[in-house]
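Below is one structure, written out as structure tokens; the observations come after it.
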Amino acid sequence: MDSTAALLHFRAIPLADRLNLSTGEMGNFSEYSLESKTGTPAVAAAGWGAWAVPDWTVLGGGAPYGEQLPPPQLLICFILLVSIIRLLHIFQSPRKPEVTLGDSSDKNVIAEIVAGIPLLSEPYRPPPLWGKSGHVQTAAYGVLGHANLKRTADRRIRQVLPDGSTVVFDVFEPLCPHPSNRDITFTLTPGIANSSESNYIRTLVHSAQEGGYRCIVLNHLGALRDEKLTGSRIFCYGGIEELTAMMDWAMAEYRDTRFTPIGFSMGGNLTTLYVLSTKADPEKSSRLMMGLSVGQGYCALSSTPFYHDWTNGRRAYNYIITENMKRLLRSHYAEVVEPHVKAGLVDEQRLWTATSIVAFDEQYNRKVFGFSSLESFYSWVSCLPRLQASERPLPIPMIFLNARDDPIVPEALWEPVREMCSQRDGVAFVLTAHGGHLGFLEGGSFSPKSVTWLDRFILQMADSAVRTM
């Protein structure tokens with residue numbers, strides 16, 4: 001029989017019986033069919049006041065044309081599976097990092113340093129199941145990182161600043177001599193509201209100590225709950241007073257060492273600003289070997305619209321960062337909030353109801369640090385305008401590293417720096433396909449390595465700089 005002679009039966013369910021569907025009591029059914037113009041039964045229709053439920057069959061001995069449609073649960077599971085695969089980018093292939101240098105950099109020190117880093121000539125292989133998702137990489141390190149590693153600092157140093165604030169930093173001595181027998185010190189500036197107790201700092205310090213490097217880690221003002229603040233402020237995104245004080249102490253304490261300043265996220269901005277500040281002081285800049293910035297956004301003014309955009313979940317990250325900043329203020333309320341509220345400088349109600357970092361900065365940071373507008377404050381804290389201001393922006397070689405899948409720092413923020421590095425000597429830009437925001441985990445999906453790709457990159461970079469310089 002012609003396959004077009006299909007009959008769609010509509011089972012008419014009386015209105016009174018609809019409520020019995022969940023129990024399987026279908027009630028009485030009526031069924032009839034309409035004839036097609038050719039005289040072949042074509043379509044069955046339900047009567048008035050009934051609920052039509054289609055049942056596809058085909059004529060021809062009563063044999064079904066095909067099986068029934070799959071249950072909705074299977075469809076939902078399929079949609080979820082496809083969504084998870086797209087989120088995790090499971091089928092993306094590992095890629096080598098992209099390195100950007102100036103056209104004339106082939107004879108420069110930075111090119112020699114980059115050439116001596118083996119990791120840049122091979123693909124970065126994140127955990128295969130979830131490691132290609134920037135969101136999971138960003139969140140996973142706090143759970144899967146070296147959380148049980150709690151190595152105590154050899155020394156905790158406190159220095160009082162002119163405004164009465166006390167900067168706190170930790171010194172971790174090397175566990176063995178460096179293979180070159182030279183004295184090299186990493187000065188580490190963590191990300192926003194982070195400290196030497198943060199996971200990614202602990203694992204790097206552990207690896208560096210075993211490689212013969214000393215580490216000095218800046219603890220941002222207010223980041224350590226057990227350290228009472230002596231001033232009326234917390235850290236600032238662009239204020240380098242604390243970092244300068246730490247570097248001055250280190251240069252006086254370790255006169256034979258050379259320093260490699262390294263900054264993460266916001267700490268990358270501070271590190272860049274500090275290195276720029278040494279241009280006017282050759283004695284200081286001569287003590288620096290090279291610098292590294294990891295995962296920073298470079299320009300606070302340009303980042304403002306992105307943090308209010310839901311693309312890639314940035315608005316959610318914005319909220320989380322804001323809540324962390326408010327938590328930090330609450331833990332030091334008497335020192336850094338109450339005086340400004342009593343002076344009428346800060347509106348406490350508006351401060352605690354801020355749900356974005358822009359609103360938080362408007363209600364607290366901009367006022368406490370003495371700026372008339374948020375635009376002027378953001379211009380002051382950003383390193384990008386100063387990097388672009390001169391032909392040779394930095395007195396030492398420096399590498400800027402970002403991940404393409406960083407959910408917090410989109411391409412529009414790091415692209416100007418990559419462009420700058422393509423036109424100038426002494427700087428390099430490294431872009432990884434994966435890694436998220438300060439993640440860069442490696443190994444198995446269920447047992448990733450505690451030492452990250454970033455940890456290994458930093459040690460290889462430093463070893464290459466020691467050989468080159």
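Each chain of the structure tokens is named A, B, ... in the order shown, its residues numbered from 1; ligands are numbered from 1 in display order.
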Practice prompt. Using DSSP on the backbone, list every residue of stretch 241-277 of chain A that comes out as alpha helix (DSSP H), and give them as a ChimeraX atom specification.
Written response: /A:241-253,266-277
As a compact mmCIF listing (two decimals) with all heavy atoms, in the first residue's frame, please: the residues near stretch 241-247 of chain A (cut-off 12 Å, only C-alpha atoms, same-chain neighbours under 5 positions excluded).
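For reference, around01.txt as written:
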```txt
# COMPACT_ATOMS: atom_id res chain seq x y z
N ARG A 156 58.11 36.55 58.76
CA ARG A 156 57.02 37.49 58.43
C ARG A 156 57.50 38.89 58.82
O ARG A 156 57.80 39.15 59.99
CB ARG A 156 55.73 37.13 59.14
CG ARG A 156 54.63 38.17 58.99
CD ARG A 156 53.25 37.59 59.25
NE ARG A 156 52.81 36.78 58.11
CZ ARG A 156 51.62 36.19 58.02
NH1 ARG A 156 50.75 36.31 59.03
NH2 ARG A 156 51.28 35.48 56.96
N ILE A 157 57.53 39.76 57.83
CA ILE A 157 58.06 41.11 58.02
C ILE A 157 56.91 42.11 58.01
O ILE A 157 55.98 42.01 57.21
CB ILE A 157 59.08 41.47 56.91
CG1 ILE A 157 60.14 40.37 56.79
CG2 ILE A 157 59.70 42.82 57.18
CD1 ILE A 157 60.97 40.17 58.04
N ARG A 158 57.01 43.10 58.88
CA ARG A 158 56.04 44.18 58.95
C ARG A 158 56.75 45.52 58.82
O ARG A 158 57.72 45.77 59.53
CB ARG A 158 55.24 44.12 60.25
CG ARG A 158 54.43 42.84 60.41
CD ARG A 158 53.83 42.72 61.81
NE ARG A 158 53.03 41.50 61.94
CZ ARG A 158 53.51 40.30 62.23
NH1 ARG A 158 54.83 40.15 62.42
NH2 ARG A 158 52.72 39.25 62.34
N GLN A 159 56.23 46.35 57.92
CA GLN A 159 56.81 47.67 57.69
C GLN A 159 55.69 48.71 57.76
O GLN A 159 54.64 48.56 57.13
CB GLN A 159 57.47 47.74 56.31
CG GLN A 159 58.68 46.83 56.16
CD GLN A 159 59.93 47.43 56.76
OE1 GLN A 159 60.39 48.49 56.38
NE2 GLN A 159 60.50 46.72 57.73
N VAL A 160 55.91 49.76 58.54
CA VAL A 160 54.91 50.81 58.70
C VAL A 160 55.10 51.86 57.61
O VAL A 160 56.21 52.37 57.40
CB VAL A 160 55.00 51.47 60.09
CG1 VAL A 160 53.95 52.58 60.22
CG2 VAL A 160 54.81 50.42 61.19
N LEU A 161 54.01 52.17 56.90
CA LEU A 161 54.04 53.15 55.82
C LEU A 161 53.77 54.55 56.37
O LEU A 161 53.29 54.71 57.50
CB LEU A 161 52.98 52.79 54.78
CG LEU A 161 53.10 51.40 54.15
CD1 LEU A 161 51.95 51.17 53.16
CD2 LEU A 161 54.44 51.23 53.45
N PRO A 162 54.08 55.59 55.61
CA PRO A 162 53.86 56.96 56.08
C PRO A 162 52.42 57.26 56.49
O PRO A 162 52.20 58.11 57.37
CB PRO A 162 54.28 57.81 54.86
CG PRO A 162 55.29 56.98 54.16
CD PRO A 162 54.82 55.57 54.33
N ASP A 163 51.43 56.60 55.90
CA ASP A 163 50.03 56.88 56.26
C ASP A 163 49.57 56.08 57.47
O ASP A 163 48.39 56.12 57.84
CB ASP A 163 49.10 56.63 55.08
CG ASP A 163 49.02 55.15 54.69
OD1 ASP A 163 49.78 54.34 55.26
OD2 ASP A 163 48.19 54.81 53.81
N GLY A 164 50.50 55.35 58.11
CA GLY A 164 50.16 54.59 59.30
C GLY A 164 49.80 53.15 59.03
O GLY A 164 49.68 52.34 59.97
N SER A 165 49.58 52.77 57.78
CA SER A 165 49.28 51.39 57.44
C SER A 165 50.52 50.52 57.62
O SER A 165 51.65 50.98 57.43
CB SER A 165 48.79 51.29 55.99
OG SER A 165 47.62 52.06 55.80
N THR A 166 50.31 49.27 57.97
CA THR A 166 51.40 48.32 58.14
C THR A 166 51.35 47.27 57.05
O THR A 166 50.39 46.49 56.98
CB THR A 166 51.34 47.64 59.51
OG1 THR A 166 51.40 48.63 60.55
CG2 THR A 166 52.48 46.65 59.69
N VAL A 167 52.37 47.26 56.20
CA VAL A 167 52.43 46.27 55.13
C VAL A 167 53.07 45.01 55.68
O VAL A 167 54.05 45.07 56.44
CB VAL A 167 53.21 46.82 53.92
CG1 VAL A 167 54.62 47.24 54.30
CG2 VAL A 167 53.27 45.77 52.81
N VAL A 168 52.51 43.86 55.34
CA VAL A 168 52.97 42.57 55.84
C VAL A 168 53.37 41.71 54.64
O VAL A 168 52.61 41.57 53.69
CB VAL A 168 51.88 41.85 56.66
CG1 VAL A 168 52.39 40.51 57.18
CG2 VAL A 168 51.41 42.73 57.80
N PHE A 169 54.57 41.14 54.69
CA PHE A 169 55.00 40.22 53.64
C PHE A 169 55.79 39.08 54.23
O PHE A 169 56.38 39.19 55.32
CB PHE A 169 55.81 40.95 52.55
CG PHE A 169 56.90 41.85 53.05
CD1 PHE A 169 58.20 41.38 53.21
CD2 PHE A 169 56.64 43.18 53.35
CE1 PHE A 169 59.21 42.21 53.67
CE2 PHE A 169 57.65 44.02 53.81
CZ PHE A 169 58.94 43.54 53.97
N ASP A 170 55.79 37.96 53.53
CA ASP A 170 56.39 36.72 54.02
C ASP A 170 57.59 36.33 53.17
O ASP A 170 57.58 36.47 51.94
CB ASP A 170 55.37 35.58 54.00
CG ASP A 170 54.21 35.84 54.95
OD1 ASP A 170 54.44 36.43 56.01
OD2 ASP A 170 53.07 35.44 54.62
N VAL A 171 58.61 35.83 53.84
CA VAL A 171 59.86 35.41 53.18
C VAL A 171 59.99 33.90 53.26
O VAL A 171 59.90 33.31 54.34
CB VAL A 171 61.08 36.09 53.83
CG1 VAL A 171 62.37 35.64 53.12
CG2 VAL A 171 60.95 37.60 53.81
N THR A 185 65.70 35.90 43.58
CA THR A 185 64.52 36.03 44.44
C THR A 185 63.28 36.37 43.61
O THR A 185 63.31 37.31 42.82
CB THR A 185 64.73 37.12 45.52
OG1 THR A 185 65.84 36.78 46.34
CG2 THR A 185 63.49 37.26 46.39
N PHE A 186 62.22 35.59 43.81
CA PHE A 186 60.92 35.93 43.24
C PHE A 186 60.19 36.86 44.21
O PHE A 186 60.07 36.53 45.40
CB PHE A 186 60.05 34.69 43.02
CG PHE A 186 60.52 33.77 41.95
CD1 PHE A 186 59.94 32.50 41.81
CD2 PHE A 186 61.52 34.12 41.05
CE1 PHE A 186 60.35 31.62 40.82
CE2 PHE A 186 61.95 33.25 40.06
CZ PHE A 186 61.36 32.00 39.95
N THR A 187 59.70 37.99 43.73
CA THR A 187 58.82 38.82 44.55
C THR A 187 57.42 38.69 43.96
O THR A 187 57.16 39.09 42.84
CB THR A 187 59.28 40.29 44.55
OG1 THR A 187 59.41 40.76 43.21
CG2 THR A 187 60.60 40.42 45.26
N LEU A 188 56.52 38.11 44.74
CA LEU A 188 55.19 37.72 44.25
C LEU A 188 54.11 38.65 44.77
O LEU A 188 54.03 38.89 45.99
CB LEU A 188 54.88 36.28 44.67
CG LEU A 188 55.94 35.22 44.33
CD1 LEU A 188 55.48 33.84 44.81
CD2 LEU A 188 56.22 35.19 42.83
N THR A 189 53.30 39.17 43.85
CA THR A 189 52.17 40.02 44.22
C THR A 189 50.89 39.30 43.81
O THR A 189 50.60 39.17 42.61
CB THR A 189 52.25 41.39 43.52
OG1 THR A 189 53.52 41.98 43.79
CG2 THR A 189 51.14 42.31 44.01
N PRO A 190 50.09 38.81 44.78
CA PRO A 190 48.89 38.03 44.45
C PRO A 190 47.79 38.88 43.85
O PRO A 190 47.89 40.12 43.75
CB PRO A 190 48.47 37.46 45.82
CG PRO A 190 49.65 37.64 46.72
CD PRO A 190 50.36 38.86 46.22
N CYS A 215 61.49 33.26 47.75
CA CYS A 215 60.23 33.92 47.43
C CYS A 215 59.86 34.91 48.54
O CYS A 215 59.93 34.56 49.73
CB CYS A 215 59.10 32.91 47.26
SG CYS A 215 59.26 31.81 45.83
N ILE A 216 59.47 36.10 48.13
CA ILE A 216 58.94 37.09 49.07
C ILE A 216 57.55 37.45 48.56
O ILE A 216 57.39 37.90 47.43
CB ILE A 216 59.83 38.34 49.16
CG1 ILE A 216 61.27 37.93 49.52
CG2 ILE A 216 59.28 39.32 50.18
CD1 ILE A 216 62.24 39.11 49.57
N VAL A 217 56.55 37.23 49.41
CA VAL A 217 55.15 37.36 48.98
C VAL A 217 54.48 38.53 49.71
O VAL A 217 54.48 38.59 50.95
CB VAL A 217 54.36 36.07 49.25
CG1 VAL A 217 52.94 36.20 48.69
CG2 VAL A 217 55.07 34.86 48.65
N LEU A 218 53.91 39.43 48.94
CA LEU A 218 53.17 40.55 49.51
C LEU A 218 51.78 40.09 49.93
O LEU A 218 51.06 39.46 49.14
CB LEU A 218 53.05 41.67 48.47
CG LEU A 218 52.23 42.90 48.88
CD1 LEU A 218 52.93 43.66 50.01
CD2 LEU A 218 52.01 43.82 47.68
N ASN A 219 51.39 40.43 51.15
CA ASN A 219 50.02 40.18 51.62
C ASN A 219 49.25 41.49 51.52
O ASN A 219 49.59 42.47 52.19
CB ASN A 219 50.02 39.68 53.06
CG ASN A 219 50.74 38.35 53.22
OD1 ASN A 219 50.35 37.35 52.64
ND2 ASN A 219 51.82 38.35 54.00
N HIS A 220 48.24 41.52 50.68
CA HIS A 220 47.51 42.77 50.49
C HIS A 220 46.88 43.23 51.80
O HIS A 220 46.40 42.41 52.60
CB HIS A 220 46.43 42.59 49.42
CG HIS A 220 46.99 42.42 48.04
ND1 HIS A 220 47.82 43.36 47.45
CD2 HIS A 220 46.84 41.43 47.13
CE1 HIS A 220 48.16 42.95 46.24
NE2 HIS A 220 47.58 41.78 46.03
N LEU A 221 46.85 44.53 52.00
CA LEU A 221 46.29 45.09 53.22
C LEU A 221 44.84 44.62 53.41
O LEU A 221 43.98 44.84 52.56
CB LEU A 221 46.31 46.62 53.17
CG LEU A 221 47.67 47.31 53.32
CD1 LEU A 221 47.51 48.82 53.22
CD2 LEU A 221 48.31 46.93 54.63
N ILE A 234 42.27 49.75 53.00
CA ILE A 234 42.73 48.45 52.56
C ILE A 234 43.65 48.68 51.36
O ILE A 234 44.07 49.81 51.09
CB ILE A 234 41.55 47.53 52.19
CG1 ILE A 234 40.68 48.18 51.09
CG2 ILE A 234 40.71 47.20 53.42
CD1 ILE A 234 39.60 47.27 50.54
N PHE A 235 43.99 47.61 50.64
CA PHE A 235 44.86 47.74 49.48
C PHE A 235 44.15 48.51 48.37
O PHE A 235 42.91 48.66 48.37
CB PHE A 235 45.28 46.36 48.97
CG PHE A 235 44.12 45.55 48.45
CD1 PHE A 235 43.76 45.59 47.11
CD2 PHE A 235 43.37 44.74 49.29
CE1 PHE A 235 42.69 44.86 46.62
CE2 PHE A 235 42.30 44.00 48.81
CZ PHE A 235 41.96 44.06 47.48
N CYS A 236 44.92 48.95 47.39
CA CYS A 236 44.37 49.66 46.25
C CYS A 236 44.83 48.98 44.97
O CYS A 236 45.96 48.49 44.90
CB CYS A 236 44.82 51.12 46.26
SG CYS A 236 44.25 52.09 44.85
N ALA A 252 67.59 45.98 50.45
CA ALA A 252 68.54 46.28 51.53
C ALA A 252 68.94 45.02 52.28
O ALA A 252 70.09 44.90 52.73
CB ALA A 252 67.92 47.29 52.50
N GLU A 253 68.04 44.08 52.40
CA GLU A 253 68.30 42.85 53.17
C GLU A 253 69.13 41.86 52.38
O GLU A 253 70.01 41.18 52.94
CB GLU A 253 66.97 42.21 53.56
CG GLU A 253 67.08 40.97 54.41
CD GLU A 253 67.48 41.28 55.85
OE1 GLU A 253 67.49 42.48 56.23
OE2 GLU A 253 67.79 40.33 56.59
N TYR A 254 68.89 41.75 51.07
CA TYR A 254 69.59 40.78 50.23
C TYR A 254 70.34 41.55 49.14
O TYR A 254 69.85 41.72 48.03
CB TYR A 254 68.60 39.80 49.61
CG TYR A 254 67.80 39.02 50.63
CD1 TYR A 254 66.48 39.38 50.93
CD2 TYR A 254 68.35 37.93 51.30
CE1 TYR A 254 65.74 38.66 51.85
CE2 TYR A 254 67.61 37.20 52.23
CZ TYR A 254 66.31 37.58 52.51
OH TYR A 254 65.59 36.87 53.44
N ARG A 255 71.53 41.99 49.47
CA ARG A 255 72.27 42.88 48.58
C ARG A 255 72.89 42.18 47.38
O ARG A 255 73.26 42.82 46.40
CB ARG A 255 73.36 43.63 49.36
CG ARG A 255 72.78 44.53 50.45
CD ARG A 255 73.84 45.38 51.12
NE ARG A 255 73.24 46.26 52.11
CZ ARG A 255 72.72 47.45 51.85
NH1 ARG A 255 72.72 47.90 50.61
NH2 ARG A 255 72.20 48.19 52.82
N THR A 257 71.37 39.58 45.71
CA THR A 257 70.37 38.88 44.91
C THR A 257 69.87 39.75 43.77
O THR A 257 69.97 40.98 43.81
CB THR A 257 69.18 38.44 45.79
OG1 THR A 257 68.38 37.50 45.08
CG2 THR A 257 68.29 39.64 46.14
N ARG A 258 69.31 39.09 42.75
CA ARG A 258 68.58 39.79 41.70
C ARG A 258 67.13 39.34 41.77
O ARG A 258 66.84 38.18 42.09
CB ARG A 258 69.17 39.52 40.32
CG ARG A 258 70.55 40.12 40.14
CD ARG A 258 70.94 40.16 38.68
NE ARG A 258 70.18 41.19 37.95
CZ ARG A 258 70.28 41.37 36.63
NH1 ARG A 258 71.09 40.59 35.91
NH2 ARG A 258 69.59 42.31 36.03
N PHE A 259 66.24 40.26 41.47
CA PHE A 259 64.82 40.03 41.69
C PHE A 259 64.06 39.80 40.38
O PHE A 259 64.35 40.44 39.37
CB PHE A 259 64.20 41.22 42.43
CG PHE A 259 64.76 41.45 43.80
CD1 PHE A 259 65.82 42.32 44.00
CD2 PHE A 259 64.25 40.77 44.90
CE1 PHE A 259 66.36 42.54 45.26
CE2 PHE A 259 64.78 40.97 46.16
CZ PHE A 259 65.84 41.86 46.34
N THR A 260 63.10 38.88 40.47
CA THR A 260 62.15 38.67 39.38
C THR A 260 60.76 38.99 39.90
O THR A 260 60.13 38.16 40.57
CB THR A 260 62.20 37.22 38.87
OG1 THR A 260 63.50 36.93 38.37
CG2 THR A 260 61.19 37.00 37.76
N PRO A 261 60.25 40.20 39.67
CA PRO A 261 58.90 40.54 40.14
C PRO A 261 57.84 39.85 39.30
O PRO A 261 57.87 39.91 38.07
CB PRO A 261 58.84 42.06 40.00
CG PRO A 261 59.91 42.42 39.03
CD PRO A 261 60.95 41.36 39.09
N ILE A 262 56.90 39.20 39.97
CA ILE A 262 55.84 38.44 39.31
C ILE A 262 54.50 38.84 39.93
O ILE A 262 54.36 38.85 41.16
CB ILE A 262 56.05 36.92 39.47
CG1 ILE A 262 57.41 36.52 38.88
CG2 ILE A 262 54.93 36.13 38.80
CD1 ILE A 262 57.79 35.07 39.17
N GLY A 263 53.52 39.17 39.08
CA GLY A 263 52.22 39.57 39.58
C GLY A 263 51.11 38.77 38.93
O GLY A 263 51.19 38.40 37.76
N GLY A 267 47.51 41.82 40.85
CA GLY A 267 48.92 41.92 41.22
C GLY A 267 49.82 42.12 40.02
O GLY A 267 50.91 42.70 40.13
N GLY A 268 49.39 41.66 38.83
CA GLY A 268 50.13 41.91 37.61
C GLY A 268 50.13 43.39 37.26
O GLY A 268 51.13 43.93 36.76
N ASN A 269 49.01 44.05 37.53
CA ASN A 269 48.93 45.49 37.31
C ASN A 269 49.89 46.23 38.23
O ASN A 269 50.62 47.14 37.81
CB ASN A 269 47.49 45.95 37.53
CG ASN A 269 47.30 47.44 37.26
OD1 ASN A 269 47.43 47.90 36.13
ND2 ASN A 269 47.00 48.19 38.31
N LEU A 270 49.90 45.84 39.51
CA LEU A 270 50.79 46.48 40.48
C LEU A 270 52.25 46.23 40.13
O LEU A 270 53.10 47.14 40.23
CB LEU A 270 50.49 45.96 41.89
CG LEU A 270 49.11 46.30 42.46
CD1 LEU A 270 48.94 45.64 43.83
CD2 LEU A 270 48.94 47.81 42.58
N THR A 271 52.57 45.01 39.71
CA THR A 271 53.94 44.68 39.33
C THR A 271 54.39 45.52 38.15
O THR A 271 55.51 46.05 38.13
CB THR A 271 54.05 43.19 39.01
OG1 THR A 271 53.77 42.43 40.19
CG2 THR A 271 55.44 42.83 38.50
N THR A 272 53.53 45.67 37.15
CA THR A 272 53.86 46.47 35.98
C THR A 272 54.08 47.92 36.37
O THR A 272 55.03 48.58 35.91
CB THR A 272 52.74 46.37 34.93
OG1 THR A 272 52.51 45.00 34.62
CG2 THR A 272 53.13 47.11 33.66
N LEU A 273 53.21 48.46 37.22
CA LEU A 273 53.36 49.85 37.67
C LEU A 273 54.66 50.04 38.45
O LEU A 273 55.34 51.07 38.32
CB LEU A 273 52.17 50.26 38.53
CG LEU A 273 50.83 50.41 37.79
CD1 LEU A 273 49.69 50.63 38.79
CD2 LEU A 273 50.90 51.56 36.79
N TYR A 274 55.02 49.03 39.27
CA TYR A 274 56.27 49.14 40.02
C TYR A 274 57.48 49.14 39.08
O TYR A 274 58.39 49.96 39.23
CB TYR A 274 56.41 48.01 41.04
CG TYR A 274 57.77 48.02 41.71
CD1 TYR A 274 58.06 48.95 42.71
CD2 TYR A 274 58.78 47.16 41.29
CE1 TYR A 274 59.32 49.00 43.29
CE2 TYR A 274 60.04 47.19 41.87
CZ TYR A 274 60.29 48.12 42.86
OH TYR A 274 61.54 48.19 43.43
N VAL A 275 57.48 48.22 38.13
CA VAL A 275 58.60 48.16 37.18
C VAL A 275 58.70 49.48 36.41
O VAL A 275 59.81 50.00 36.19
CB VAL A 275 58.43 46.97 36.23
CG1 VAL A 275 59.48 47.00 35.12
CG2 VAL A 275 58.54 45.65 37.01
N LEU A 276 57.57 50.04 36.02
CA LEU A 276 57.58 51.34 35.34
C LEU A 276 58.17 52.43 36.23
O LEU A 276 58.88 53.32 35.75
CB LEU A 276 56.16 51.72 34.92
CG LEU A 276 55.59 51.04 33.68
CD1 LEU A 276 54.08 51.23 33.61
CD2 LEU A 276 56.26 51.58 32.42
N SER A 277 57.90 52.35 37.52
CA SER A 277 58.39 53.38 38.44
C SER A 277 59.90 53.36 38.59
O SER A 277 60.50 54.36 38.98
CB SER A 277 57.73 53.21 39.82
OG SER A 277 58.26 52.09 40.52
N THR A 278 60.54 52.22 38.30
CA THR A 278 61.99 52.12 38.46
C THR A 278 62.76 52.72 37.28
O THR A 278 63.98 52.77 37.31
CB THR A 278 62.42 50.65 38.65
OG1 THR A 278 62.12 49.91 37.46
CG2 THR A 278 61.71 50.03 39.83
N LYS A 284 67.72 50.91 41.28
CA LYS A 284 66.70 49.89 41.55
C LYS A 284 66.50 48.97 40.36
O LYS A 284 66.45 47.75 40.49
CB LYS A 284 65.37 50.56 41.92
CG LYS A 284 65.26 51.05 43.35
CD LYS A 284 63.85 51.51 43.63
CE LYS A 284 63.70 51.97 45.08
NZ LYS A 284 62.31 52.41 45.38
N SER A 285 66.36 49.55 39.18
CA SER A 285 66.08 48.73 38.00
C SER A 285 67.22 47.77 37.69
O SER A 285 67.00 46.69 37.12
CB SER A 285 65.80 49.62 36.79
OG SER A 285 66.90 50.44 36.48
N ARG A 287 68.73 46.05 39.80
CA ARG A 287 68.58 44.89 40.67
C ARG A 287 67.51 43.93 40.16
O ARG A 287 67.35 42.84 40.69
CB ARG A 287 68.21 45.34 42.10
CG ARG A 287 69.22 46.23 42.79
CD ARG A 287 70.47 45.47 43.18
NE ARG A 287 70.19 44.31 43.99
CZ ARG A 287 70.01 44.32 45.31
NH1 ARG A 287 70.04 45.47 45.97
NH2 ARG A 287 69.79 43.20 45.97
N LEU A 288 66.75 44.37 39.17
CA LEU A 288 65.69 43.53 38.62
C LEU A 288 66.19 42.76 37.42
O LEU A 288 66.85 43.33 36.54
CB LEU A 288 64.49 44.39 38.22
CG LEU A 288 63.92 45.34 39.28
CD1 LEU A 288 62.75 46.13 38.71
CD2 LEU A 288 63.50 44.59 40.54
```
Discussion item. Quick check, in Å to one decimal: how far apart do atom CA of A:Arg214 and atom CA of A:Gly191 lie?
Written reply: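 Atom-to-atom, atom CA of A:Arg214 to atom CA of A:Gly191, that is 19.8 Å.
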Item to complete: Enter the distance from atom CA of A:Gly295 to atom CA of A:Tyr307, in Å, rounded to one decimal.
Response: 15.5 Å
Discussion item. Which residue is closest to A:Ala250? Choose from A:Ile408, A:Ile184, A:Pro118, A:Ala280 and count only C-alpha atoms.
Written reply: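 Once distances to A:Ala250 are computed over only C-alpha atoms, the minimum belongs to A:Ile184.
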